[in-house]
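Dropping protein-v5.cif in here (mmCIF, C-alpha atoms):
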```
data_entry
#
loop_
_atom_site.label_atom_id
_atom_site.label_comp_id
_atom_site.auth_asym_id
_atom_site.auth_seq_id
_atom_site.Cartn_x
_atom_site.Cartn_y
_atom_site.Cartn_z
CA MET A 1 -6.50 70.88 -9.63
CA LEU A 2 -9.98 70.81 -11.01
CA ASP A 3 -12.04 73.92 -11.14
CA ILE A 4 -15.67 73.01 -11.79
CA VAL A 5 -18.29 75.62 -12.37
CA LEU A 6 -21.83 74.27 -12.49
CA SER A 7 -24.29 76.43 -14.30
CA HIS A 8 -28.04 76.32 -13.90
CA MET A 9 -29.72 73.73 -16.07
CA ALA A 10 -33.09 74.24 -17.61
CA LEU A 11 -33.85 70.62 -18.45
CA VAL A 12 -37.46 69.80 -19.11
CA PRO A 13 -38.72 66.39 -17.92
CA LYS A 14 -39.19 63.93 -20.78
CA THR A 15 -40.97 60.60 -21.00
CA PHE A 16 -39.22 57.46 -22.24
CA SER A 17 -40.21 53.84 -22.57
CA VAL A 18 -38.13 50.98 -21.29
CA GLY A 19 -35.89 49.76 -24.08
CA ASP A 20 -35.31 53.29 -25.35
CA THR A 21 -31.80 54.60 -25.83
CA VAL A 22 -31.30 58.04 -24.32
CA ARG A 23 -28.58 60.26 -25.75
CA VAL A 24 -27.19 62.91 -23.39
CA THR A 25 -25.20 65.80 -24.80
CA VAL A 26 -22.85 67.66 -22.49
CA SER A 27 -20.74 70.75 -22.96
CA PHE A 28 -17.68 71.74 -21.00
CA LYS A 29 -14.33 73.42 -21.20
CA TYR A 30 -11.09 71.59 -20.65
CA ALA A 31 -7.36 72.13 -20.51
CA VAL A 32 -4.81 69.32 -20.61
CA GLY A 33 -1.10 69.13 -21.31
CA VAL A 34 -1.12 66.01 -23.49
CA ASN A 35 -3.57 64.27 -25.80
CA THR A 36 -5.76 62.16 -23.58
CA THR A 37 -9.00 60.21 -23.39
CA VAL A 38 -11.58 60.58 -20.67
CA ARG A 39 -14.62 58.43 -19.95
CA LEU A 40 -18.02 60.11 -19.87
CA LEU A 41 -20.81 58.32 -18.00
CA ALA A 42 -24.53 59.00 -17.71
CA GLY A 43 -27.51 57.30 -16.20
CA PRO A 44 -30.73 57.57 -14.21
CA TYR A 45 -30.91 57.73 -10.43
CA SER A 46 -33.71 57.40 -7.93
CA THR A 47 -34.07 59.40 -4.74
CA ASN A 48 -35.41 58.30 -1.38
CA ILE A 49 -34.85 59.15 2.29
CA PHE A 50 -31.49 57.36 2.19
CA GLY A 51 -30.19 59.46 -0.66
CA LYS A 52 -29.67 59.05 -4.37
CA HIS A 53 -29.14 55.67 -5.99
CA MET A 54 -27.84 55.11 -9.50
CA VAL A 55 -29.61 52.51 -11.58
CA ASP A 56 -26.30 50.86 -12.37
CA THR A 57 -27.60 48.55 -15.07
CA CYS A 58 -28.67 51.54 -17.13
CA VAL A 59 -25.45 53.58 -16.91
CA GLY A 60 -23.92 54.31 -20.32
CA ARG A 61 -20.28 55.05 -21.09
CA ALA A 62 -18.42 56.85 -23.87
CA ASP A 63 -14.73 57.56 -24.36
CA ILE A 64 -13.95 61.14 -25.35
CA SER A 65 -10.66 62.16 -26.94
CA LEU A 66 -9.26 65.49 -25.81
CA ALA A 67 -6.48 67.11 -27.80
CA ALA A 68 -3.77 68.87 -25.80
CA ALA A 69 -4.80 72.45 -25.05
CA SER A 70 -3.25 74.75 -22.48
CA THR A 71 -6.11 77.22 -22.47
CA PRO A 72 -9.73 76.32 -21.62
CA THR A 73 -11.16 74.85 -24.81
CA PRO A 74 -14.89 74.31 -25.46
CA GLN A 75 -15.95 70.73 -26.09
CA THR A 76 -19.23 68.86 -26.53
CA ALA A 77 -19.74 65.14 -26.21
CA ASP A 78 -22.51 62.54 -26.37
CA VAL A 79 -23.12 59.50 -24.23
CA ASP A 80 -25.93 56.97 -24.74
CA PHE A 81 -27.61 54.76 -22.17
CA ILE A 82 -30.35 52.17 -22.52
CA LEU A 83 -33.38 51.98 -20.24
CA ILE A 84 -33.23 48.24 -19.57
CA PRO A 85 -36.64 46.83 -18.50
CA SER A 86 -37.08 45.85 -14.87
CA ALA A 87 -37.73 42.22 -15.88
CA GLN A 88 -34.10 42.12 -17.01
CA GLY A 89 -32.82 43.66 -13.81
CA GLY A 90 -33.17 47.21 -15.12
CA ILE A 91 -35.34 50.18 -14.28
CA ASN A 92 -38.86 50.29 -12.91
CA ASP A 93 -41.52 52.68 -14.11
CA GLY A 94 -41.28 56.00 -12.36
CA THR A 95 -39.56 59.37 -12.32
CA TYR A 96 -35.78 59.54 -12.12
CA GLY A 97 -32.99 62.04 -12.00
CA LEU A 98 -30.26 62.26 -14.62
CA ARG A 99 -26.59 62.28 -13.65
CA VAL A 100 -23.60 62.76 -15.97
CA TRP A 101 -19.97 62.70 -14.92
CA ILE A 102 -16.43 62.31 -16.16
CA GLU A 103 -14.56 59.42 -14.58
CA ASP A 104 -11.60 60.25 -12.31
CA THR A 105 -12.47 63.94 -12.18
CA SER A 106 -14.83 65.99 -10.04
CA ALA A 107 -16.85 66.95 -13.10
CA VAL A 108 -20.39 65.86 -12.31
CA VAL A 109 -23.77 67.35 -12.98
CA GLU A 110 -27.24 66.06 -12.22
CA GLN A 111 -30.86 67.08 -12.11
CA ASP A 112 -33.72 65.46 -10.25
CA ASN A 113 -36.99 64.28 -11.80
CA VAL A 114 -36.27 64.70 -15.49
CA LEU A 115 -36.56 61.10 -16.72
CA ILE A 116 -40.09 59.68 -16.68
CA VAL A 117 -39.89 55.96 -17.40
CA THR A 118 -42.87 53.91 -18.53
CA GLY A 119 -43.57 50.75 -20.46
CA ASN A 120 -42.62 47.94 -18.14
CA PRO A 121 -45.13 45.07 -18.62
CA ALA A 122 -48.14 45.68 -16.39
CA GLY A 123 -47.97 43.72 -13.19
CA ALA A 124 -44.30 42.87 -13.48
CA THR A 125 -43.60 44.77 -10.31
CA ASP A 126 -46.82 43.47 -8.68
CA THR A 127 -45.90 39.86 -9.48
CA LEU A 128 -42.55 40.32 -7.85
CA SER A 129 -44.19 41.91 -4.82
CA ALA A 130 -46.63 39.03 -4.54
CA MET A 131 -43.84 36.51 -4.76
CA MET A 132 -41.73 38.19 -2.10
CA PRO A 133 -43.47 36.59 0.97
CA MET A 134 -43.19 33.16 -0.65
CA LEU A 135 -39.50 33.73 -1.39
CA MET A 136 -38.95 34.90 2.18
CA MET A 137 -40.64 31.76 3.55
CA LEU A 138 -38.52 29.54 1.34
CA MET A 139 -35.38 31.30 2.54
CA MET A 140 -36.40 30.91 6.18
CA LEU A 141 -37.26 27.26 5.60
CA GLY A 142 -33.85 26.74 4.10
CA MET A 143 -32.28 28.14 7.27
CA VAL A 144 -34.55 26.36 9.78
CA MET A 145 -34.55 22.87 8.22
CA PRO A 146 -30.88 22.06 8.79
CA MET A 147 -31.19 23.27 12.41
CA ALA A 148 -34.27 21.08 13.03
CA GLN A 149 -32.56 18.13 11.42
CA GLN A 150 -29.53 18.62 13.68
CA MET A 151 -31.70 18.85 16.81
CA GLY A 152 -33.57 15.67 15.81
CA GLU A 153 -30.34 13.74 15.43
CA GLY A 154 -29.19 15.03 18.84
CA ALA A 155 -32.41 13.80 20.59
CA GLY A 156 -32.06 10.32 19.03
CA GLU A 157 -28.65 9.73 20.61
CA MET B 1 3.60 76.14 -29.80
CA GLU B 2 2.53 79.62 -28.71
CA LEU B 3 5.06 81.82 -26.91
CA LYS B 4 3.54 83.22 -23.74
CA THR B 5 4.88 86.19 -21.85
CA LEU B 6 5.05 87.67 -18.39
CA ALA B 7 6.54 91.05 -17.58
CA LEU B 8 7.94 92.20 -14.24
CA ASP B 9 8.72 95.85 -13.53
CA PHE B 10 11.30 96.57 -10.86
CA GLY B 11 10.63 100.30 -10.83
CA VAL B 12 13.78 102.31 -10.17
CA ILE B 13 17.17 100.66 -9.72
CA ARG B 14 20.27 102.66 -8.85
CA VAL B 15 23.85 101.63 -9.01
CA LEU B 16 25.59 101.20 -5.65
CA GLN B 17 28.26 103.85 -5.23
CA VAL B 18 30.14 104.37 -1.99
CA GLY B 19 29.59 107.85 -0.56
CA ASP B 20 26.88 108.69 -3.05
CA ASP B 21 24.07 106.43 -2.06
CA GLN B 22 21.18 108.76 -1.44
CA PRO B 23 17.81 107.05 -1.05
CA ALA B 24 15.27 107.67 -3.75
CA TYR B 25 12.52 108.12 -1.16
CA GLN B 26 12.15 110.25 1.92
CA ALA B 27 11.27 108.56 5.20
CA GLY B 28 7.53 108.24 5.64
CA TRP B 29 4.39 106.43 4.67
CA TYR B 30 3.62 105.44 1.10
CA LEU B 31 0.77 103.65 -0.58
CA ASP B 32 1.76 100.44 -2.38
CA PRO B 33 0.07 100.80 -5.80
CA LEU B 34 -0.05 97.02 -6.27
CA THR B 35 -1.81 96.10 -3.05
CA GLY B 36 -3.21 99.40 -1.81
CA GLN B 37 -1.41 98.70 1.46
CA ARG B 38 0.22 101.50 3.49
CA VAL B 39 3.95 100.97 3.76
CA PHE B 40 6.71 102.85 5.58
CA TYR B 41 10.08 103.64 3.98
CA ASP B 42 13.16 103.74 6.18
CA PRO B 43 16.07 105.45 4.38
CA ALA B 44 18.54 104.08 6.97
CA THR B 45 17.88 100.49 5.91
CA GLN B 46 16.53 101.41 2.47
CA ASN B 47 13.62 99.09 3.06
CA PHE B 48 9.87 99.36 2.91
CA TYR B 49 8.02 98.13 5.97
CA THR B 50 4.47 97.19 6.75
CA MET B 51 2.94 96.95 10.20
CA ALA B 52 1.89 93.57 11.56
CA GLY B 53 0.75 93.27 15.18
CA GLY B 54 2.52 96.51 16.06
CA ILE B 55 5.81 95.30 14.56
CA TYR B 56 7.24 96.72 11.37
CA ILE B 57 8.37 93.97 9.04
CA PRO B 58 10.10 94.25 5.67
CA LEU B 59 7.85 93.76 2.69
CA GLY B 60 8.31 90.52 0.81
CA TYR B 61 9.55 90.50 -2.74
CA MET B 62 6.72 88.25 -3.90
CA ASN B 63 3.52 89.87 -5.06
CA PRO B 64 0.13 88.78 -6.36
CA SER B 65 0.38 88.20 -10.08
CA PRO B 66 -1.53 90.65 -12.29
CA LYS B 67 -2.33 87.80 -14.66
CA GLN B 68 -2.09 84.03 -14.89
CA VAL B 69 -0.51 82.32 -17.89
CA ALA B 70 -1.61 78.78 -18.76
CA LEU B 71 1.27 76.56 -19.86
CA ALA B 72 1.70 72.97 -20.93
CA PRO B 73 4.88 70.89 -21.24
CA GLY B 74 6.82 71.90 -24.34
CA GLU B 75 5.41 75.41 -24.44
CA LYS B 76 7.61 78.46 -24.05
CA LEU B 77 7.31 81.21 -21.46
CA LYS B 78 9.10 84.50 -22.02
CA ILE B 79 9.69 86.52 -18.87
CA THR B 80 10.63 90.16 -19.32
CA MET B 81 12.01 92.31 -16.52
CA SER B 82 12.17 96.05 -16.77
CA PHE B 83 13.54 98.82 -14.62
CA LYS B 84 14.64 102.40 -14.88
CA TYR B 85 18.33 103.09 -14.56
CA SER B 86 20.49 106.17 -14.32
CA GLY B 87 24.21 106.07 -13.56
CA PRO B 88 27.50 104.94 -14.99
CA ALA B 89 27.84 102.17 -17.52
CA ILE B 90 27.64 98.68 -16.01
CA SER B 91 29.10 95.54 -17.49
CA GLY B 92 28.34 91.97 -16.53
CA ALA B 93 25.26 92.50 -14.39
CA VAL B 94 23.31 89.26 -13.95
CA CYS B 95 19.64 89.16 -14.87
CA TYR B 96 18.34 85.98 -13.19
CA TYR B 97 15.01 84.22 -13.73
CA SER B 98 13.36 81.34 -11.93
CA ILE B 99 10.16 79.29 -12.01
CA GLY B 100 9.34 77.35 -8.87
CA VAL B 101 7.28 76.99 -5.75
CA TYR B 102 7.01 79.82 -3.24
CA GLY B 103 6.10 78.83 0.30
CA ALA B 104 6.77 79.35 3.97
CA LEU B 105 10.39 78.26 3.54
CA GLY B 106 11.02 80.64 0.67
CA PHE B 107 11.30 80.12 -3.05
CA ASP B 108 12.05 76.56 -4.17
CA GLU B 109 13.64 77.09 -7.58
CA LYS B 110 12.74 74.39 -10.11
CA ILE B 111 14.17 75.83 -13.29
CA THR B 112 16.38 78.88 -13.68
CA GLY B 113 18.03 80.94 -16.38
CA GLN B 114 20.19 84.02 -16.56
CA ASN B 115 21.62 86.61 -18.92
CA SER B 116 24.71 88.76 -18.62
CA LYS B 117 23.65 92.37 -19.06
CA SER B 118 25.61 95.44 -19.95
CA ILE B 119 23.95 98.78 -19.39
CA PRO B 120 25.23 101.98 -20.95
CA GLN B 121 25.61 105.21 -18.97
CA TYR B 122 22.40 107.15 -18.52
CA THR B 123 22.14 110.59 -16.97
CA THR B 124 18.37 110.41 -16.59
CA PRO B 125 16.23 107.42 -15.48
CA THR B 126 15.91 105.30 -18.60
CA LEU B 127 13.87 102.17 -19.13
CA VAL B 128 16.00 99.03 -19.44
CA THR B 129 14.57 95.61 -20.25
CA ASP B 130 15.85 92.06 -20.35
CA SER B 131 14.13 88.79 -21.24
CA TYR B 132 14.58 85.08 -20.83
CA THR B 133 12.56 82.32 -22.49
CA PHE B 134 11.92 79.05 -20.69
CA THR B 135 10.75 75.86 -22.35
CA ILE B 136 8.43 74.09 -19.94
CA PRO B 137 9.79 70.56 -19.31
CA THR B 138 7.67 67.42 -19.38
CA SER B 139 8.54 66.89 -15.71
CA VAL B 140 6.80 70.14 -14.74
CA GLY B 141 4.76 69.98 -11.55
CA THR B 142 1.33 71.53 -11.38
CA ASN B 143 2.51 73.52 -8.35
CA TRP B 144 5.30 75.25 -10.28
CA ASP B 145 3.20 78.34 -10.46
CA ASP B 146 5.45 81.06 -9.04
CA ILE B 147 8.16 83.09 -10.73
CA TYR B 148 10.75 85.58 -9.64
CA CYS B 149 13.66 87.41 -11.16
CA LYS B 150 16.52 89.48 -9.85
CA ILE B 151 19.37 91.61 -11.04
CA TYR B 152 22.68 91.71 -9.21
CA SER B 153 26.46 91.86 -9.54
CA GLY B 154 28.27 93.61 -12.43
CA SER B 155 30.96 96.23 -12.54
CA PRO B 156 30.29 98.55 -10.88
CA SER B 157 27.96 96.39 -8.82
CA VAL B 158 24.19 96.73 -8.96
CA PRO B 159 22.50 96.23 -5.58
CA GLN B 160 20.50 93.01 -5.73
CA SER B 161 16.87 93.66 -6.54
CA LEU B 162 14.28 90.89 -6.46
CA PHE B 163 10.74 90.83 -7.68
CA GLY B 164 8.32 87.96 -8.14
CA TYR B 165 4.75 86.93 -8.72
CA GLU B 166 2.78 84.28 -6.86
CA ASN B 167 0.33 82.10 -8.81
CA ALA B 168 1.55 83.55 -12.07
CA LEU B 169 1.33 80.27 -13.95
CA LEU B 170 -1.38 77.69 -14.49
CA ILE B 171 0.48 74.51 -15.31
CA VAL B 172 -1.60 72.21 -17.42
CA GLY B 173 -0.51 68.62 -16.77
CA LYS B 174 -1.52 65.18 -18.01
CA ASP B 175 -4.78 65.22 -16.06
CA PRO B 176 -7.49 67.35 -17.64
CA THR B 177 -8.97 70.36 -15.94
CA ILE B 178 -12.71 70.47 -16.60
CA SER B 179 -14.91 73.51 -16.16
CA GLU B 180 -18.41 74.68 -17.05
CA PHE B 181 -19.63 71.07 -17.25
CA THR B 182 -23.33 71.08 -18.13
CA ILE B 183 -26.00 68.91 -19.70
CA ALA B 184 -26.95 70.57 -22.97
CA ASP B 185 -29.74 68.15 -23.88
CA PHE B 186 -31.05 64.60 -23.61
CA VAL B 187 -33.19 62.88 -26.24
CA LYS B 188 -34.38 59.47 -27.37
CA VAL B 189 -32.39 58.08 -30.29
#
```

Target encoding structure tokens, full file:
Amino acid sequence: MLDIVLSHMALVPKTFSVGDTVRVTVSFKYAVGVNTTVRLLAGPYSTNIFGKHMVDTCVGRADISLAAASTPTPQTADVDFILIPSAQGGINDGTYGLRVWIEDTSAVVEQDNVLIVTGNPAGATDTLSAMMPMLMMLMMLGMVMPMAQQMGEGAGE
Amino acid sequence: MELKTLALDFGVIRVLQVGDDQPAYQAGWYLDPLTGQRVFYDPATQNFYTMAGGIYIPLGYMNPSPKQVALAPGEKLKITMSFKYSGPAISGAVCYYSIGVYGALGFDEKITGQNSKSIPQYTTPTLVTDSYTFTIPTSVGTNWDDIYCKIYSGSPSVPQSLFGYENALLIVGKDPTISEFTIADFVKV
């Protein structure tokens, strides 16, 4: 049984550049019957009309050792994550939420609009946008060509 | 490991004596000090009753626990029962203790223990206590959170009295219980 109490966070939005490492410090109380290790994860997420989406490539992980304690014991822990540039499949410039959670538990906490990401090379996103129609045409051509070839062979017989 | 304790008070217990078994209470309504619930005592059956849907039903022996004790495998739990007794000396009464799971089908005992108790003669109600210490096994289930104890048998015989607490224990298992999880800060490093 997990009993999670989320308290109000007063996180102030901060600006980071792509390539930066962000260190998140969490505090919690735990109780566990045996010495154990849990995995703490943190990363940015974006929000749109379809919900919240983790930027998976930027999620950081840290293993935290918990000594056996039968009464709720205060603990703090750090987890780092890197803001990988969009050119490397990472994060675009913009404003993101921050989510932190402990794997295999219901311990999760997040706050919208606290990570402001800048520093991607200018036009990187625009270049990709400009290339999209061309990529789409190439994909369609790849699908249509074999069909046309097949029809041509059929008419020749 | 820390020794943790729970105490259960039976109130008044009288020895069963043929022809001299006067009830300690008069027939009528009483207020249960534990729950604040109105209960009716019937001296004919020597039972307390509460009203449910117009039907009087005997009160259960399980009660909400006044406190919850957190326990992990290997730790020790000392349960102390107490009651007031007046009457002849008793030898060989059984003080019985159990940790288990209380549900719709009753109390599923998981681990038990007992002491043989001799009580001297008292002419006035006198506080008597007995204790048993459990060592929580590694196989403990997280739902083993109820306890009860009883006293019975002996010579002369003590009428069986049961008393228990629901949700008295918080069993801490191999999976961590996390609370008050918050982001303290986030910075560039």

Contacts of stretch 96-109 of chain B within 6 Å, only C-alpha atoms, excl. fewer than 5 positions in-chain, as a list in words
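That gives Gln114, Trp144, Asp146, Ile147, Tyr148, Cys149 and Lys150 of chain B.
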
Selection: 8 Å around A:Val108, all atoms listed in the file, excl. self and same-chain fewer than 5 positions, as a PDB file with C-alpha atoms, in the coordinates of the input:
```
ATOM      1  CA  ARG A  99     -26.590  62.280 -13.650  1.00  0.00           C
ATOM      2  CA  VAL A 100     -23.600  62.760 -15.970  1.00  0.00           C
ATOM      3  CA  TRP A 101     -19.970  62.700 -14.920  1.00  0.00           C
ATOM      4  CA  ILE A 102     -16.430  62.310 -16.160  1.00  0.00           C
TER       5      ILE A 102
ATOM      6  CA  PHE B 181     -19.630  71.070 -17.250  1.00  0.00           C
TER       7      PHE B 181
END
```

Compute the set of chain B residues within 6 Å of chain A, using only C-alpha atoms, and express it as a ChimeraX atom specification.
/B:70-72,172-174,176-189

Distance in Å - atom CA of B:Gly154 versus atom CA of B:Ser91
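These two atoms are separated by 5.5 Å.
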
Near A:His53, counting all atoms listed in the file, which residues have an atom at most 12 Å away, once you skip same-chain residues fewer than 2 positions from it, shown as a short mmCIF file (atom, residue, chain, number, x, y, z; two decimals) with C-alpha atoms, keeping the file's coordinate frame?
```cif
data_model
loop_
_atom_site.label_atom_id
_atom_site.label_comp_id
_atom_site.auth_asym_id
_atom_site.auth_seq_id
_atom_site.Cartn_x
_atom_site.Cartn_y
_atom_site.Cartn_z
CA GLY A 43 -27.51 57.30 -16.20
CA PRO A 44 -30.73 57.57 -14.21
CA TYR A 45 -30.91 57.73 -10.43
CA SER A 46 -33.71 57.40 -7.93
CA THR A 47 -34.07 59.40 -4.74
CA ASN A 48 -35.41 58.30 -1.38
CA ILE A 49 -34.85 59.15 2.29
CA PHE A 50 -31.49 57.36 2.19
CA GLY A 51 -30.19 59.46 -0.66
CA VAL A 55 -29.61 52.51 -11.58
CA ASP A 56 -26.30 50.86 -12.37
CA THR A 57 -27.60 48.55 -15.07
CA CYS A 58 -28.67 51.54 -17.13
CA VAL A 59 -25.45 53.58 -16.91
CA ILE A 91 -35.34 50.18 -14.28
CA TYR A 96 -35.78 59.54 -12.12
CA GLY A 97 -32.99 62.04 -12.00
CA LEU A 98 -30.26 62.26 -14.62
CA ARG A 99 -26.59 62.28 -13.65
CA ASP A 112 -33.72 65.46 -10.25
#
```

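Atom CA of B:Gly74 is positioned 5.9 Å from atom CA of B:Thr135.
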
Using all atoms listed in the file for the distances, tell me which of A:Met140, A:Ala42, A:Val18, A:Met147 is nearest to A:Ile84.
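When distances to A:Ile84 are compared using all atoms listed in the file, the smallest one comes from A:Val18.
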
Measure the distance from atom CA of B:Ala44 to atom CA of B:Gly92 in Å and round it to one decimal.
28.2 Å

7 Å contact set for B:Pro125, all atoms listed in the file, chain neighbours under 5 positions out, as an MDAnalysis selection string
chainID B and resid 84:86
